[in-house]
>>> print(open('coords36.pdb').read())   # PDB, C-alpha atoms
MODEL        1
ATOM      1  CA  MET A   5       0.000   0.000   0.000
ATOM      2  CA  ILE A   6       2.856   2.382   0.804
ATOM      3  CA  TRP A   7       4.392   1.669  -2.592
ATOM      4  CA  ILE A   8       1.104   2.403  -4.324
ATOM      5  CA  GLN A   9       0.753   5.740  -2.530
ATOM      6  CA  ARG A  10       4.310   6.705  -3.371
ATOM      7  CA  ARG A  11       3.820   5.685  -6.981
ATOM      8  CA  ALA A  12       0.663   7.753  -7.200
ATOM      9  CA  PHE A  13       2.578  10.780  -5.903
ATOM     10  CA  ILE A  14       5.317  10.310  -8.496
ATOM     11  CA  LEU A  15       2.761  10.004 -11.272
ATOM     12  CA  ALA A  16       1.051  13.140 -10.018
ATOM     13  CA  LEU A  17       4.320  15.035 -10.317
ATOM     14  CA  GLY A  18       4.440  14.097 -13.998
ATOM     15  CA  GLY A  19       7.350  14.073 -16.402
ATOM     16  CA  ALA A  20      10.470  12.035 -15.881
ATOM     17  CA  ALA A  21       9.584  11.084 -12.327
ATOM     18  CA  ALA A  22       7.019   8.663 -13.745
ATOM     19  CA  TRP A  23       9.523   6.791 -15.915
ATOM     20  CA  PRO A  24       9.240   2.994 -15.601
ATOM     21  CA  LEU A  25      11.880   1.270 -13.535
ATOM     22  CA  ALA A  26      13.271  -0.459 -16.617
ATOM     23  CA  ALA A  27      14.095   2.912 -18.150
ATOM     24  CA  ARG A  28      15.846   3.947 -14.944
ATOM     25  CA  ALA A  29      17.934   0.789 -15.036
ATOM     26  CA  GLN A  30      19.315   1.933 -18.391
ATOM     27  CA  GLN A  31      20.753   5.078 -16.760
ATOM     28  CA  PRO A  32      23.383   3.645 -14.371
ATOM     29  CA  THR A  33      25.621   6.723 -14.447
ATOM     30  CA  MET A  34      22.896   9.212 -13.580
ATOM     31  CA  PRO A  35      23.223  10.568 -10.008
ATOM     32  CA  VAL A  36      20.270   9.948  -7.702
ATOM     33  CA  ILE A  37      18.936  12.386  -5.090
ATOM     34  CA  GLY A  38      16.951  11.106  -2.137
ATOM     35  CA  PHE A  39      14.091  13.532  -1.352
ATOM     36  CA  LEU A  40      12.877  12.699   2.158
ATOM     37  CA  ARG A  41      10.131  14.125   4.367
ATOM     38  CA  ASP A  42       8.483  13.081   7.591
ATOM     39  CA  ALA A  43       5.203  14.628   6.372
ATOM     40  CA  PRO A  44       3.089  13.323   3.450
ATOM     41  CA  LEU A  45       4.449  13.917  -0.036
ATOM     42  CA  ALA A  46       0.961  14.704  -1.320
ATOM     43  CA  ASP A  47       1.186  18.042   0.504
ATOM     44  CA  ALA A  48       4.603  18.857  -0.937
ATOM     45  CA  THR A  49       4.097  18.934  -4.714
ATOM     46  CA  HIS A  50       4.696  22.715  -4.778
ATOM     47  CA  LEU A  51       7.894  22.253  -2.759
ATOM     48  CA  VAL A  52       9.109  19.561  -5.146
ATOM     49  CA  ALA A  53       8.410  21.890  -8.070
ATOM     50  CA  SER A  54      10.465  24.651  -6.431
ATOM     51  CA  PHE A  55      13.277  22.217  -5.638
ATOM     52  CA  ARG A  56      13.313  21.089  -9.277
ATOM     53  CA  GLN A  57      13.474  24.710 -10.395
ATOM     54  CA  GLY A  58      16.548  25.244  -8.242
ATOM     55  CA  LEU A  59      18.128  22.089  -9.647
ATOM     56  CA  LYS A  60      17.418  23.352 -13.160
ATOM     57  CA  GLU A  61      19.120  26.658 -12.375
ATOM     58  CA  ALA A  62      22.147  24.653 -11.262
ATOM     59  CA  GLY A  63      22.149  22.660 -14.524
ATOM     60  CA  PHE A  64      20.222  19.509 -13.569
ATOM     61  CA  ILE A  65      16.884  18.325 -14.982
ATOM     62  CA  GLU A  66      15.116  15.312 -13.511
ATOM     63  CA  GLY A  67      15.128  12.398 -15.922
ATOM     64  CA  GLN A  68      17.806  13.938 -18.161
ATOM     65  CA  ASN A  69      20.901  14.118 -15.978
ATOM     66  CA  VAL A  70      19.607  13.393 -12.462
ATOM     67  CA  LEU A  71      17.029  11.107 -10.845
ATOM     68  CA  ILE A  72      15.071  11.708  -7.643
ATOM     69  CA  GLU A  73      13.839   9.020  -5.254
ATOM     70  CA  TYR A  74      10.937  10.255  -3.110
ATOM     71  CA  ARG A  75      10.317   8.958   0.401
ATOM     72  CA  SER A  76       7.910   9.953   3.182
ATOM     73  CA  ALA A  77       7.386   8.742   6.744
ATOM     74  CA  GLU A  78       3.706   9.778   6.442
ATOM     75  CA  ASP A  79       3.769  11.591   9.798
ATOM     76  CA  GLN A  80       5.385   8.586  11.511
ATOM     77  CA  ALA A  81       8.794   9.945  12.457
ATOM     78  CA  HIS A  82       9.962   6.576  13.815
ATOM     79  CA  ARG A  83      10.090   5.329  10.195
ATOM     80  CA  LEU A  84      12.704   7.878   9.129
ATOM     81  CA  PRO A  85      15.832   5.820  10.063
ATOM     82  CA  ALA A  86      14.641   2.903   7.902
ATOM     83  CA  LEU A  87      13.884   5.232   4.990
ATOM     84  CA  VAL A  88      17.320   6.822   5.290
ATOM     85  CA  ALA A  89      18.942   3.354   5.381
ATOM     86  CA  ASP A  90      17.065   2.428   2.200
ATOM     87  CA  LEU A  91      18.341   5.525   0.390
ATOM     88  CA  ILE A  92      21.904   4.872   1.534
ATOM     89  CA  ARG A  93      21.673   1.276   0.274
ATOM     90  CA  GLN A  94      20.676   2.692  -3.109
ATOM     91  CA  GLN A  95      23.876   4.763  -3.063
ATOM     92  CA  VAL A  96      22.166   8.110  -3.548
ATOM     93  CA  ALA A  97      24.479  11.010  -4.330
ATOM     94  CA  LEU A  98      22.870  13.162  -1.641
ATOM     95  CA  ILE A  99      19.812  13.394   0.608
ATOM     96  CA  VAL A 100      17.484  16.400   0.773
ATOM     97  CA  GLY A 101      15.131  16.695   3.726
ATOM     98  CA  ASN A 102      13.186  18.863   6.142
ATOM     99  CA  THR A 103      14.337  19.121   9.762
ATOM    100  CA  PRO A 104      13.363  15.665  11.133
ATOM    101  CA  SER A 105      14.510  13.950   7.928
ATOM    102  CA  ALA A 106      17.849  15.744   7.864
ATOM    103  CA  LEU A 107      18.462  14.893  11.530
ATOM    104  CA  ALA A 108      17.740  11.214  10.811
ATOM    105  CA  ALA A 109      20.112  11.283   7.837
ATOM    106  CA  LYS A 110      22.834  13.017   9.844
ATOM    107  CA  ALA A 111      22.573  10.319  12.526
ATOM    108  CA  ALA A 112      22.972   7.601   9.883
ATOM    109  CA  THR A 113      25.831   8.826   7.704
ATOM    110  CA  THR A 114      28.889  11.049   7.806
ATOM    111  CA  THR A 115      29.728  10.567   4.128
ATOM    112  CA  VAL A 116      26.546  11.070   2.068
ATOM    113  CA  PRO A 117      25.976  14.823   1.568
ATOM    114  CA  ILE A 118      22.815  16.193   3.212
ATOM    115  CA  VAL A 119      20.926  19.339   2.199
ATOM    116  CA  PHE A 120      18.288  20.462   4.695
ATOM    117  CA  VAL A 121      15.462  22.967   4.268
ATOM    118  CA  THR A 122      14.364  24.009   7.729
ATOM    119  CA  GLY A 123      12.121  26.559   9.372
ATOM    120  CA  ASN A 124      14.153  26.188  12.560
ATOM    121  CA  ASP A 125      17.619  27.233  13.690
ATOM    122  CA  PRO A 126      19.931  24.489  12.316
ATOM    123  CA  VAL A 127      22.652  25.255  14.876
ATOM    124  CA  ILE A 128      20.324  24.938  17.879
ATOM    125  CA  ASN A 129      18.841  21.741  16.428
ATOM    126  CA  GLY A 130      22.289  20.189  15.974
ATOM    127  CA  LEU A 131      22.320  19.952  12.191
ATOM    128  CA  ILE A 132      25.482  22.041  11.786
ATOM    129  CA  ALA A 133      28.274  23.592  13.833
ATOM    130  CA  SER A 134      27.758  27.151  12.540
ATOM    131  CA  LEU A 135      25.919  28.981   9.765
ATOM    132  CA  SER A 136      29.076  30.215   8.039
ATOM    133  CA  ARG A 137      31.072  26.993   8.456
ATOM    134  CA  PRO A 138      28.641  24.062   8.599
ATOM    135  CA  GLY A 139      31.378  21.419   8.786
ATOM    136  CA  GLY A 140      30.820  17.731   8.108
ATOM    137  CA  ASN A 141      28.481  16.526   5.373
ATOM    138  CA  THR A 142      25.509  18.805   6.029
ATOM    139  CA  THR A 143      24.393  22.232   4.791
ATOM    140  CA  GLY A 144      21.194  23.805   3.528
ATOM    141  CA  VAL A 145      18.646  26.590   3.828
ATOM    142  CA  SER A 146      16.969  28.104   6.878
ATOM    143  CA  PHE A 147      13.807  30.165   6.505
ATOM    144  CA  LEU A 148      13.272  30.641  10.279
ATOM    145  CA  SER A 149       9.461  30.520  10.306
ATOM    146  CA  SER A 150       9.396  31.195  14.054
ATOM    147  CA  ALA A 151      11.353  34.459  13.749
ATOM    148  CA  SER A 152       8.318  36.564  12.803
ATOM    149  CA  VAL A 153       5.935  35.637  15.646
ATOM    150  CA  THR A 154       5.702  39.084  17.275
ATOM    151  CA  LYS A 155       4.874  40.805  13.991
ATOM    152  CA  ARG A 156       2.401  38.043  13.049
ATOM    153  CA  LEU A 157       0.573  38.422  16.366
ATOM    154  CA  GLU A 158       0.514  42.200  15.974
ATOM    155  CA  LEU A 159      -1.072  41.846  12.524
ATOM    156  CA  LEU A 160      -3.599  39.299  13.775
ATOM    157  CA  ARG A 161      -4.847  41.702  16.441
ATOM    158  CA  GLN A 162      -5.764  44.192  13.712
ATOM    159  CA  PHE A 163      -8.153  41.629  12.183
ATOM    160  CA  VAL A 164      -9.926  40.859  15.457
ATOM    161  CA  PRO A 165     -13.188  42.815  15.793
ATOM    162  CA  LYS A 166     -13.598  42.374  19.555
ATOM    163  CA  PRO A 167     -11.442  41.979  22.697
ATOM    164  CA  GLY A 168     -10.877  38.589  24.250
ATOM    165  CA  ALA A 169      -8.497  35.649  24.558
ATOM    166  CA  ILE A 170      -6.222  34.520  21.741
ATOM    167  CA  ALA A 171      -5.769  30.768  21.356
ATOM    168  CA  MET A 172      -2.522  29.142  20.235
ATOM    169  CA  LEU A 173      -2.453  25.685  18.674
ATOM    170  CA  VAL A 174       0.791  23.727  19.219
ATOM    171  CA  ASP A 175       2.011  20.216  18.432
ATOM    172  CA  PRO A 176       3.721  18.706  21.518
ATOM    173  CA  SER A 177       5.147  15.802  19.506
ATOM    174  CA  SER A 178       7.533  18.090  17.591
ATOM    175  CA  ASN A 179       8.846  20.043  20.537
ATOM    176  CA  THR A 180      12.169  21.668  19.557
ATOM    177  CA  PRO A 181      14.195  24.578  20.938
ATOM    178  CA  ASP A 182      12.686  26.744  18.186
ATOM    179  CA  THR A 183       9.091  25.850  19.003
ATOM    180  CA  GLU A 184       9.772  26.459  22.692
ATOM    181  CA  ARG A 185      11.191  29.876  21.826
ATOM    182  CA  GLU A 186       8.195  30.645  19.605
ATOM    183  CA  LEU A 187       5.813  29.815  22.440
ATOM    184  CA  ARG A 188       7.767  32.027  24.841
ATOM    185  CA  ASP A 189       7.729  34.897  22.316
ATOM    186  CA  VAL A 190       3.967  34.629  21.773
ATOM    187  CA  GLN A 191       3.359  34.478  25.519
ATOM    188  CA  ALA A 192       5.547  37.542  26.083
ATOM    189  CA  ALA A 193       3.833  39.498  23.296
ATOM    190  CA  ALA A 194       0.369  38.587  24.594
ATOM    191  CA  HIS A 195       1.350  39.549  28.149
ATOM    192  CA  ALA A 196       2.776  42.886  26.992
ATOM    193  CA  SER A 197      -0.536  43.721  25.304
ATOM    194  CA  GLY A 198      -2.560  42.607  28.325
ATOM    195  CA  GLN A 199      -4.247  39.851  26.346
ATOM    196  CA  GLU A 200      -5.031  36.353  27.619
ATOM    197  CA  LEU A 201      -3.347  33.497  25.720
ATOM    198  CA  MET A 202      -4.730  29.975  25.889
ATOM    199  CA  VAL A 203      -2.383  27.243  24.629
ATOM    200  CA  VAL A 204      -3.994  24.036  23.360
ATOM    201  CA  GLU A 205      -2.052  20.996  22.141
ATOM    202  CA  ALA A 206      -2.849  18.807  19.130
ATOM    203  CA  SER A 207      -0.794  16.011  17.584
ATOM    204  CA  SER A 208      -3.511  14.097  15.677
ATOM    205  CA  ASP A 209      -6.533  14.859  13.515
ATOM    206  CA  ARG A 210      -8.810  14.005  16.417
ATOM    207  CA  ASP A 211      -6.855  16.396  18.656
ATOM    208  CA  ILE A 212      -7.352  19.207  16.143
ATOM    209  CA  GLU A 213     -11.125  18.713  16.162
ATOM    210  CA  ALA A 214     -11.121  18.658  19.970
ATOM    211  CA  ALA A 215      -8.955  21.781  20.115
ATOM    212  CA  PHE A 216     -11.467  23.809  18.120
ATOM    213  CA  ALA A 217     -14.240  22.623  20.422
ATOM    214  CA  THR A 218     -12.135  23.932  23.322
ATOM    215  CA  PHE A 219     -11.647  27.285  21.594
ATOM    216  CA  ALA A 220     -15.425  27.610  21.255
ATOM    217  CA  GLN A 221     -16.073  26.614  24.880
ATOM    218  CA  ARG A 222     -13.543  29.136  26.168
ATOM    219  CA  ALA A 223     -14.733  31.909  23.826
ATOM    220  CA  ALA A 224     -11.448  32.542  22.003
ATOM    221  CA  VAL A 225     -11.645  35.504  19.603
ATOM    222  CA  ALA A 226      -8.612  34.684  17.449
ATOM    223  CA  LEU A 227      -6.171  31.856  16.733
ATOM    224  CA  PHE A 228      -2.385  31.696  16.346
ATOM    225  CA  ILE A 229      -1.029  28.536  14.692
ATOM    226  CA  ALA A 230       2.454  27.404  15.749
ATOM    227  CA  SER A 231       5.101  27.131  13.021
ATOM    228  CA  GLN A 232       5.226  23.322  12.978
ATOM    229  CA  PRO A 233       5.208  20.812  10.075
ATOM    230  CA  PHE A 234       2.240  18.858  11.473
ATOM    231  CA  PHE A 235      -0.119  21.797  10.950
ATOM    232  CA  ASN A 236       1.362  22.642   7.557
ATOM    233  CA  SER A 237       0.504  19.153   6.318
ATOM    234  CA  ARG A 238      -3.091  19.730   7.504
ATOM    235  CA  ARG A 239      -3.422  23.336   6.467
ATOM    236  CA  GLU A 240      -6.704  22.924   4.551
ATOM    237  CA  ARG A 241      -8.360  21.192   7.519
ATOM    238  CA  VAL A 242      -7.101  23.786  10.003
ATOM    239  CA  ALA A 243      -8.100  26.736   7.816
ATOM    240  CA  ALA A 244     -11.593  25.281   7.224
ATOM    241  CA  LEU A 245     -12.136  24.688  10.942
ATOM    242  CA  ALA A 246     -11.069  28.242  11.750
ATOM    243  CA  VAL A 247     -13.666  29.608   9.331
ATOM    244  CA  ARG A 248     -16.338  27.204  10.589
ATOM    245  CA  HIS A 249     -15.737  28.378  14.164
ATOM    246  CA  ALA A 250     -15.549  32.058  13.104
ATOM    247  CA  LEU A 251     -11.968  32.422  14.343
ATOM    248  CA  PRO A 252      -9.626  34.892  12.622
ATOM    249  CA  ALA A 253      -6.356  32.950  12.413
ATOM    250  CA  ALA A 254      -2.723  33.820  11.678
ATOM    251  CA  TYR A 255      -0.283  31.427  10.011
ATOM    252  CA  SER A 256       3.438  31.468   9.266
ATOM    253  CA  LEU A 257       3.322  30.293   5.640
ATOM    254  CA  ARG A 258       1.610  31.608   2.521
ATOM    255  CA  GLU A 259       0.402  28.051   1.816
ATOM    256  CA  PHE A 260      -2.108  28.318   4.663
ATOM    257  CA  THR A 261      -3.635  31.475   3.204
ATOM    258  CA  THR A 262      -3.968  30.018  -0.285
ATOM    259  CA  ALA A 263      -5.638  27.003   1.366
ATOM    260  CA  GLY A 264      -8.309  29.276   2.851
ATOM    261  CA  GLY A 265      -6.626  30.798   5.902
ATOM    262  CA  LEU A 266      -7.268  34.451   6.742
ATOM    263  CA  MET A 267      -3.699  35.767   6.799
ATOM    264  CA  SER A 268      -0.067  34.719   6.912
ATOM    265  CA  TYR A 269       3.167  36.464   7.684
ATOM    266  CA  GLY A 270       6.527  34.774   7.352
ATOM    267  CA  THR A 271       9.297  33.712   5.020
ATOM    268  CA  SER A 272       8.733  31.785   1.795
ATOM    269  CA  ILE A 273       9.104  28.005   2.080
ATOM    270  CA  THR A 274       8.882  27.567  -1.698
ATOM    271  CA  GLY A 275      11.737  30.022  -2.138
ATOM    272  CA  ALA A 276      13.735  28.074   0.442
ATOM    273  CA  TYR A 277      13.265  24.806  -1.469
ATOM    274  CA  GLN A 278      14.391  26.517  -4.657
ATOM    275  CA  LEU A 279      17.601  27.575  -2.894
ATOM    276  CA  GLY A 280      17.928  23.994  -1.647
ATOM    277  CA  GLY A 281      17.760  22.768  -5.233
ATOM    278  CA  ILE A 282      20.566  25.113  -6.230
ATOM    279  CA  TYR A 283      22.736  23.823  -3.379
ATOM    280  CA  ALA A 284      21.974  20.211  -4.343
ATOM    281  CA  GLY A 285      23.116  20.979  -7.872
ATOM    282  CA  ARG A 286      26.333  22.575  -6.672
ATOM    283  CA  ILE A 287      27.109  19.509  -4.548
ATOM    284  CA  LEU A 288      26.437  17.215  -7.510
ATOM    285  CA  LYS A 289      29.013  19.267  -9.411
ATOM    286  CA  GLY A 290      31.605  18.518  -6.733
ATOM    287  CA  GLU A 291      31.369  21.194  -4.050
ATOM    288  CA  ARG A 292      31.496  20.027  -0.435
ATOM    289  CA  PRO A 293      28.664  20.729   2.037
ATOM    290  CA  ALA A 294      31.236  21.802   4.628
ATOM    291  CA  ASP A 295      32.287  24.658   2.311
ATOM    292  CA  LEU A 296      28.754  25.922   1.594
ATOM    293  CA  PRO A 297      27.469  28.395   4.228
ATOM    294  CA  VAL A 298      23.859  27.928   5.243
ATOM    295  CA  GLN A 299      21.603  30.214   3.224
ATOM    296  CA  GLN A 300      19.015  32.206   5.130
ATOM    297  CA  SER A 301      15.784  33.261   3.494
ATOM    298  CA  THR A 302      15.185  36.876   4.495
ATOM    299  CA  LYS A 303      12.134  37.815   2.393
ATOM    300  CA  PHE A 304       8.961  38.082   4.470
ATOM    301  CA  GLU A 305       5.517  37.805   2.879
ATOM    302  CA  PHE A 306       2.269  39.230   4.256
ATOM    303  CA  VAL A 307      -0.705  37.598   2.516
ATOM    304  CA  ILE A 308      -4.419  38.276   3.062
ATOM    305  CA  ASN A 309      -7.327  36.135   1.845
ATOM    306  CA  LEU A 310     -10.256  38.522   1.277
ATOM    307  CA  ARG A 311     -12.695  35.677   0.571
ATOM    308  CA  THR A 312     -12.009  34.289   4.027
ATOM    309  CA  ALA A 313     -12.235  37.729   5.594
ATOM    310  CA  LYS A 314     -15.690  38.137   4.035
ATOM    311  CA  ALA A 315     -16.759  34.709   5.294
ATOM    312  CA  LEU A 316     -15.673  35.774   8.802
ATOM    313  CA  GLY A 317     -17.486  39.094   8.528
ATOM    314  CA  ILE A 318     -14.247  41.077   8.735
ATOM    315  CA  ASP A 319     -13.858  44.374   6.911
ATOM    316  CA  VAL A 320     -10.113  44.480   6.301
ATOM    317  CA  PRO A 321      -8.717  47.968   7.000
ATOM    318  CA  ASP A 322      -7.183  49.787   4.033
ATOM    319  CA  ARG A 323      -3.889  50.146   5.935
ATOM    320  CA  LEU A 324      -3.540  46.349   6.057
ATOM    321  CA  LEU A 325      -4.375  45.964   2.375
ATOM    322  CA  ALA A 326      -1.676  48.507   1.609
ATOM    323  CA  LEU A 327       0.858  46.565   3.685
ATOM    324  CA  ALA A 328       0.069  43.195   2.074
ATOM    325  CA  ASP A 329       2.459  41.648  -0.440
ATOM    326  CA  GLU A 330      -0.422  39.647  -1.884
ATOM    327  CA  VAL A 331      -4.205  39.860  -1.597
ATOM    328  CA  ILE A 332      -6.269  36.815  -2.581
ATOM    329  CA  GLU A 333      -9.644  38.041  -3.829
TER     330      GLU A 333
ENDMDL
END
>>> encode(input="coords36.pdb", output="structure tokens")
Amino acid sequence: MIWIQRRAFILALGGAAAWPLAARAQQPTMPVIGFLRDAPLADATHLVASFRQGLKEAGFIEGQNVLIEYRSAEDQAHRLPALVADLIRQQVALIVGNTPSALAAKAATTTVPIVFVTGNDPVINGLIASLSRPGGNTTGVSFLSSASVTKRLELLRQFVPKPGAIAMLVDPSSNTPDTERELRDVQAAAHASGQELMVVEASSDRDIEAAFATFAQRAAVALFIASQPFFNSRRERVAALAVRHALPAAYSLREFTTAGGLMSYGTSITGAYQLGGIYAGRILKGERPADLPVQQSTKFEFVINLRTAKALGIDVPDRLLALADEVIE
């Protein structure tokens, strides 16, 4: 069943990724990239497209001079070591992964190059020794999704039509130094504004449903979603529930807003994966990860979904529309 799901994802991506295995066997000299995620691949087609674009800019086109093997732990992080071992057995030229995947790869090999794309601090999480001199076999891109929490909360307040408590949804199963810092920053910002903050945990689909019931019972007036992969992979569900419960919600990634969320403020994850593709291409050409400083995505995007605002009965102030980098009508 896992193979069928993976195959369906590859077919959905189209092009060379759907080549039959026999055709691949005729290309023994073509380097292979392992593309690994702990979250479902079905939610990452836009990230794969951006990664491919970066590869293309570096001179590599999937199916012509490079192959990509896709793997996902399907939200079961304990499967990552076995998936990494499988890629290493296949002698991939390098492994590309998000934070949990890159950590699993780093624990398994000191020789296969690893390119991470992370919304966290890669030094704090132990992926590298320093941003300028990564050392070892690991480098990548950091888009620091938790770095914009104070500004995101400030923007959210301007969408809220009435005073009251702000809820924060967090995933306790992916507790990292960055998520702990994000929670502290949100708590400090809420305290400084004299606003109550209720923190509710969710690490499963059932938990998410229960969390929104709690928000309703405790009369929350707005919702802040933690910058964690679990919620990103369920962005359509979370955004729909926020609208159903009439909760203005703020997210860290543009993908939430295009999926129906009210607003997002943060760095671009698609841009980060494009940079990751460029780094993968440079490594395939012979550069060493230890010599490639970690790239940091510094462009912040403020996106508003006017359709969602209308559904929530919110009249978005002109000053916010003027500030927005993108308005979805």
>>> closest_residue(input="coords36.pdb", among="A:Ala53, A:Val153, A:Ala196, A:Ala294", to="Thr115 in chain A", atoms="all atoms listed in the file")
A:Ala294
>>> resolve_selection(input="coords36.pdb", expression="the PyMOL selection byres ((chain A and resi 221-228) around 6)", output="VMD selection string")
chain A and resid 168 to 172 218 to 220 229 251 to 254
>>> resolve_selection(input="coords36.pdb", expression="the PyMOL selection byres ((chain A and resi 269-277) around 7)", output="mmCIF file with C-alpha atoms, in the coordinates of the input")
data_model
loop_
_atom_site.group_PDB
_atom_site.id
_atom_site.type_symbol
_atom_site.label_atom_id
_atom_site.label_comp_id
_atom_site.auth_asym_id
_atom_site.auth_seq_id
_atom_site.Cartn_x
_atom_site.Cartn_y
_atom_site.Cartn_z
ATOM 1 C CA LEU A 51 7.894 22.253 -2.759
ATOM 2 C CA SER A 54 10.465 24.651 -6.431
ATOM 3 C CA PHE A 55 13.277 22.217 -5.638
ATOM 4 C CA VAL A 121 15.462 22.967 4.268
ATOM 5 C CA VAL A 145 18.646 26.590 3.828
ATOM 6 C CA PHE A 147 13.807 30.165 6.505
ATOM 7 C CA SER A 149 9.461 30.520 10.306
ATOM 8 C CA SER A 152 8.318 36.564 12.803
ATOM 9 C CA ARG A 156 2.401 38.043 13.049
ATOM 10 C CA TYR A 255 -0.283 31.427 10.011
ATOM 11 C CA SER A 256 3.438 31.468 9.266
ATOM 12 C CA LEU A 257 3.322 30.293 5.640
ATOM 13 C CA MET A 267 -3.699 35.767 6.799
ATOM 14 C CA SER A 268 -0.067 34.719 6.912
ATOM 15 C CA GLN A 278 14.391 26.517 -4.657
ATOM 16 C CA LEU A 279 17.601 27.575 -2.894
ATOM 17 C CA GLY A 280 17.928 23.994 -1.647
ATOM 18 C CA GLY A 281 17.760 22.768 -5.233
ATOM 19 C CA SER A 301 15.784 33.261 3.494
ATOM 20 C CA THR A 302 15.185 36.876 4.495
ATOM 21 C CA LYS A 303 12.134 37.815 2.393
ATOM 22 C CA PHE A 304 8.961 38.082 4.470
ATOM 23 C CA GLU A 305 5.517 37.805 2.879
ATOM 24 C CA PHE A 306 2.269 39.230 4.256
ATOM 25 C CA VAL A 307 -0.705 37.598 2.516
#
>>> closest_atom_pairs(input="coords36.pdb", of="range 153-182 of chain A", to="range 316-328 of chain A", cutoff="9 Å", atoms="only C-alpha atoms", output="Markdown table")
| residue | atom | partner | partner_atom | distance |
| --- | --- | --- | --- | --- |
| A:Leu159 | CA | A:Leu324 | CA | 8.3 |
| A:Gln162 | CA | A:Pro321 | CA | 8.2 |
| A:Phe163 | CA | A:Val320 | CA | 6.8 |
| A:Val164 | CA | A:Ile318 | CA | 8.0 |
| A:Pro165 | CA | A:Ile318 | CA | 7.3 |
>>> atom_distance(input="coords36.pdb", atom1="CA of Asn141 in chain A", atom2="CA of Pro233 in chain A")
24.1 Å
>>> resolve_selection(input="coords36.pdb", expression="the PyMOL selection byres ((chain A and resi 87) around 10)", output="JSON, numbers by chain")
{"A": [38, 40, 41, 42, 74, 75, 76, 77, 82, 83, 84, 85, 86, 88, 89, 90, 91, 92, 93, 105, 108, 109]}
>>> write_last_selection(input="coords36.pdb", atoms="C-alpha atoms", output="short mmCIF file (atom, residue, chain, number, x, y, z; two decimals), in the frame of the given file")
data_model
loop_
_atom_site.label_atom_id
_atom_site.label_comp_id
_atom_site.auth_asym_id
_atom_site.auth_seq_id
_atom_site.Cartn_x
_atom_site.Cartn_y
_atom_site.Cartn_z
CA GLY A 38 16.95 11.11 -2.14
CA LEU A 40 12.88 12.70 2.16
CA ARG A 41 10.13 14.12 4.37
CA ASP A 42 8.48 13.08 7.59
CA TYR A 74 10.94 10.26 -3.11
CA ARG A 75 10.32 8.96 0.40
CA SER A 76 7.91 9.95 3.18
CA ALA A 77 7.39 8.74 6.74
CA HIS A 82 9.96 6.58 13.82
CA ARG A 83 10.09 5.33 10.20
CA LEU A 84 12.70 7.88 9.13
CA PRO A 85 15.83 5.82 10.06
CA ALA A 86 14.64 2.90 7.90
CA VAL A 88 17.32 6.82 5.29
CA ALA A 89 18.94 3.35 5.38
CA ASP A 90 17.07 2.43 2.20
CA LEU A 91 18.34 5.52 0.39
CA ILE A 92 21.90 4.87 1.53
CA ARG A 93 21.67 1.28 0.27
CA SER A 105 14.51 13.95 7.93
CA ALA A 108 17.74 11.21 10.81
CA ALA A 109 20.11 11.28 7.84
#
>>> atom_distance(input="coords36.pdb", atom1="CA of Ser207 in chain A", atom2="CA of Asp175 in chain A")
5.1 Å
>>> closest_residue(input="coords36.pdb", among="A:Arg292, A:Gly264, A:Phe216, A:Leu173", to="Arg239 in chain A", atoms="all atoms listed in the file")
A:Gly264
>>> atom_distance(input="coords36.pdb", atom1="CA of Leu98 in chain A", atom2="CA of Val298 in chain A")
16.3 Å
>>> closest_residue(input="coords36.pdb", among="A:Leu245, A:Ala192, A:Ile37, A:Leu131", to="Val100 in chain A", atoms="only C-alpha atoms")
A:Ile37
>>> closest_residue(input="coords36.pdb", among="A:Glu205, A:Glu73, A:Asp329, A:Glu61", to="Val36 in chain A", atoms="only C-alpha atoms")
A:Glu73
>>> residues_around(input="coords36.pdb", residues="Asp125 in chain A", least_positions_apart="2", cutoff="7 Å", atoms="all atoms listed in the file", output="count of residues only")
6
